[in-house]
Every structure is written in C-alpha cells, then in structure tokens.
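Accompanying notes for the structure given below.
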Amino acid sequence: MSALYEQLHSVTPPVGAIAVWSLGQAGYAYKLPCRRVVLIDPYVTDYAEQVLGQDFKRLTPSIIAPAELARLPIAAYLLTHHHEDHLDADCIRAMQSASFPFYAPPTALDKLAELGVAEHRCHALRPGDVHELEGWTIAAACADHGELAPDAVGIIVRAQGKTIYHMGDTCDLGETFRESCGGTPVDLLIAPINGRYGNMDTMEAAEAVRLIAPSLAAPCHFWMLPGNSGGDPLLFAERVRQLSPSTVPFVFRLGELLIV
C-alpha cells in the first residue's frame, strides 16, 4: 500500500473541518469526520501521455494507484471537465466495480458512458447546479476553458461549515468568480496558474484571490506535464500576500495533507 493510501484511510479530521490532500496537477481528495471521501479531478496514471504523446508525459510520479483509490469510502467523484489530465480514463476503468456517483459536465458524462459507467451513477454539473449528498453540498461554478471544453465548470464544496472552491481550468472571469461564491466566505481557494490552453497565469490567479479573499489559497496545475505546465507557485504566494493580506497562500507538496 502507498503511504498516501494509508493516510487517506486512517486520518479522520476533527468535527468542523475537512481534510484535503493534493493528488497532483488539479487533483484533490477531501475527507469529512464521517470518513467519507470526495475525489475531484484525480490524475494518477499516465493516461494523458498515452493519448496525447510525450508532451504530456508525467514529470512527477503517481503517488497512489487507482485500485487504492477504489478501496476508499468514496462519497462522490467530481470532474470539472473532460480533458485527459482531469478525466483519467485508466483510473476510472480501475474503479468500475465501485458504486459511488459521478458529478460532471455533460461532455465528461458522455466520456464516462463510453467507459461503461452506468447512467444511474452519472449526474450533470452545469453552472448553478447544486447537489446534496451525505453531509456535502456540491455546487457548479462558472468557468471558461475555451472552445475545447465549453462546458467546463468550477466546483464549490460545502461541508462542516467550510467552503472549498476548486476553480477548475479557467481564464480570468473577474467579478464572475466572486458572484459564484454567492456571498459565502471561502475557506480554501484552489486556482490554476499554468497560463496554458486559456488558463489563468500566476498573476491572474493571484488577482482572482484578491477578488474572493479566501482564508487560504493554493495554486494548482503546474510542474507535472511539460505540454501543459507553467506558472510559478512561489511568485503566486508572494503576489497573494501583496494583494490579499488576509489570505494565507499554501503551496501543496504532492500528497500533502491540509486540514481546513
């Protein structure tokens, strides 16, 4: 068993908190005191390289196997969009025997159907959609990832009185980001900084932090795939401190645990 699996299995956050682990790229796992886990955009195989070639070769090793993820008490598997470094088909194939639901934009749902995921397990995420499940609230937020992923979304998870806003892959939408929060304070904001394929770059992501003013802000989508990497997490942290003094920047180590 991997060290990350052991931690995901054994750690129980205190009441009133969410445990958050970085899985790399834009992938995360959230866990509640009830011990249920939500996965969001886990990319844990070499699927992107298989489909897209050497430009999408992993530069950092996978730290957990799909079969290990499948052993966890998963409440839901969330997808912001259908791109290969977010919708990991090899991971999903390895979890076919599980019964947890998927929540994803329509194009991603079509991909799940192609992979043989049963229709009753698949639920649509469009901006404004809200789903309630086992102590979690999942809300889809606006995102703009261009013509290659026109139905991409951000995902806001609320539980234990906490709010985590995963922005997905998106360009700078300015005030729309703040409107997506619906006036609710954000405890952790996760923002892409790679500046590729229409995504925000480091400075734009820091500006989004200024608009939302979360308690914590973490950069994602950097240093894994040479064809889709970019951004400077340390510059992001520095700029966040300048623009949003009330926000603590947090740069995840691969597999690192943060209690929110």
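So you can find residues: chains in the structure tokens are A, B, ... in the order shown, residues in each start at 1, and ligands are numbered from 1 in order.
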Nearby residues (only C-alpha atoms) at most 8 Å from range 236-247 of chain A, same-chain spacing under 2 positions excluded, as a list in words: Ile193, Thr202, Met203, Ala205, Ala206, Glu207, Val209, Arg210, Ala213, Pro214, Ser215, Leu216, Ala217, Pro219, Asp232, Pro233, Leu234, Pro249, Phe250 and Val251 of chain A
Please dump the current selection as an mmCIF file, in the first residue's frame; keep C-alpha atoms.
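Once everything was written out, this is out.cif:
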```cif
data_model
loop_
_atom_site.group_PDB
_atom_site.id
_atom_site.type_symbol
_atom_site.label_atom_id
_atom_site.label_comp_id
_atom_site.auth_asym_id
_atom_site.auth_seq_id
_atom_site.Cartn_x
_atom_site.Cartn_y
_atom_site.Cartn_z
ATOM 1 C CA ILE A 193 -1.620 29.081 -12.575
ATOM 2 C CA THR A 202 0.272 33.234 -11.958
ATOM 3 C CA MET A 203 -0.607 36.915 -11.776
ATOM 4 C CA ALA A 205 -4.757 33.719 -10.392
ATOM 5 C CA ALA A 206 -3.438 35.989 -7.639
ATOM 6 C CA GLU A 207 -5.854 38.688 -8.796
ATOM 7 C CA VAL A 209 -7.610 35.548 -4.950
ATOM 8 C CA ARG A 210 -7.831 39.283 -4.285
ATOM 9 C CA ALA A 213 -10.360 36.958 -0.380
ATOM 10 C CA PRO A 214 -10.366 33.342 0.858
ATOM 11 C CA SER A 215 -8.770 32.300 4.124
ATOM 12 C CA LEU A 216 -6.350 30.032 2.229
ATOM 13 C CA ALA A 217 -5.320 29.970 -1.439
ATOM 14 C CA PRO A 219 -2.075 27.131 -6.749
ATOM 15 C CA ASP A 232 5.399 29.970 -10.516
ATOM 16 C CA PRO A 233 3.862 28.852 -7.207
ATOM 17 C CA LEU A 234 6.277 30.928 -5.142
ATOM 18 C CA PRO A 249 -1.071 31.164 0.491
ATOM 19 C CA PHE A 250 -0.442 27.425 0.706
ATOM 20 C CA VAL A 251 1.661 25.525 -1.841
#
```
Surrounding residues of range 16-24 of chain A excluding itself and chain neighbours under 4 positions, 9 Å, only C-alpha atoms, as a ChimeraX atom specification: /A:4,8,11-12,28-33,41-44,60,62-64,159-162,220-222,224,252-260
Pick from A:Gly198, A:Lys57, A:Gly128, A:Pro226 nearest to Cys181 in chain A, counting only C-alpha atoms: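 Using only C-alpha atoms, Cys181 in chain A sits closest to A:Gly128.
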All alpha helix (DSSP H) residues (DSSP, backbone) inside range 111-191 of chain A, as a list in words: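 Selecting the alpha helix (DSSP H) positions of range 111-191 of chain A gives Lys111, Leu112, Ala113, Glu114, Glu175, Thr176, Phe177, Arg178, Glu179 and Ser180 of chain A.
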Exercise: Tyr5 in chain A partners within 8 Å, only C-alpha atoms, chain neighbours under 2 positions left out, as number ranges by chain: A: 1-3, 7-9, 64, 68-69
For the residues selected in the previous step, produce a file with C-alpha atoms as an mmCIF file, in the first residue's frame.
```cif
data_model
loop_
_atom_site.group_PDB
_atom_site.id
_atom_site.type_symbol
_atom_site.label_atom_id
_atom_site.label_comp_id
_atom_site.auth_asym_id
_atom_site.auth_seq_id
_atom_site.Cartn_x
_atom_site.Cartn_y
_atom_site.Cartn_z
ATOM 1 C CA MET A 1 0.000 0.000 0.000
ATOM 2 C CA SER A 2 1.189 3.537 -0.712
ATOM 3 C CA ALA A 3 1.842 5.977 2.118
ATOM 4 C CA GLN A 7 -3.094 8.318 5.298
ATOM 5 C CA LEU A 8 -6.321 8.709 3.318
ATOM 6 C CA HIS A 9 -7.640 5.591 5.014
ATOM 7 C CA ILE A 64 -1.412 6.374 -5.323
ATOM 8 C CA GLU A 68 -6.122 2.022 -3.868
ATOM 9 C CA LEU A 69 -8.498 4.906 -4.526
#
```
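Counting only C-alpha atoms, the residue from A:Ile74, A:Ala218, A:Ala124, A:Met167 that sits nearest to Asn199 in chain A is A:Met167.
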Within 7 Å of His81 in chain A using only C-alpha atoms, minus same-chain residues under 5 positions, as a PyMOL selection string: chain A and resi 86+104-105+108+149+152-153
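Between Val37 in chain A and the residues A:Val15, A:Val248, A:Cys142, A:Ala70, the shortest atom-to-atom distance, using only C-alpha atoms, involves A:Ala70.
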Between CA of Asp169 in chain A and CA of Pro192 in chain A, distance in Å (one decimal):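 Straight-line distance from CA of Asp169 in chain A to CA of Pro192 in chain A works out to 6.3 Å.
Among the candidates A:Ala89, A:Ala26, A:Ile190, A:Ala75, the one nearest to Gln50 in chain A when counting only C-alpha atoms is A:Ala89.
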Residue nearest Gly154 in chain A among A:Ala76, A:Ala98, A:Cys122, A:Ile40 (counting only C-alpha atoms):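 Of A:Ala76, A:Ala98, A:Cys122, A:Ile40, the one nearest Gly154 in chain A is A:Ile40, counting only C-alpha atoms.
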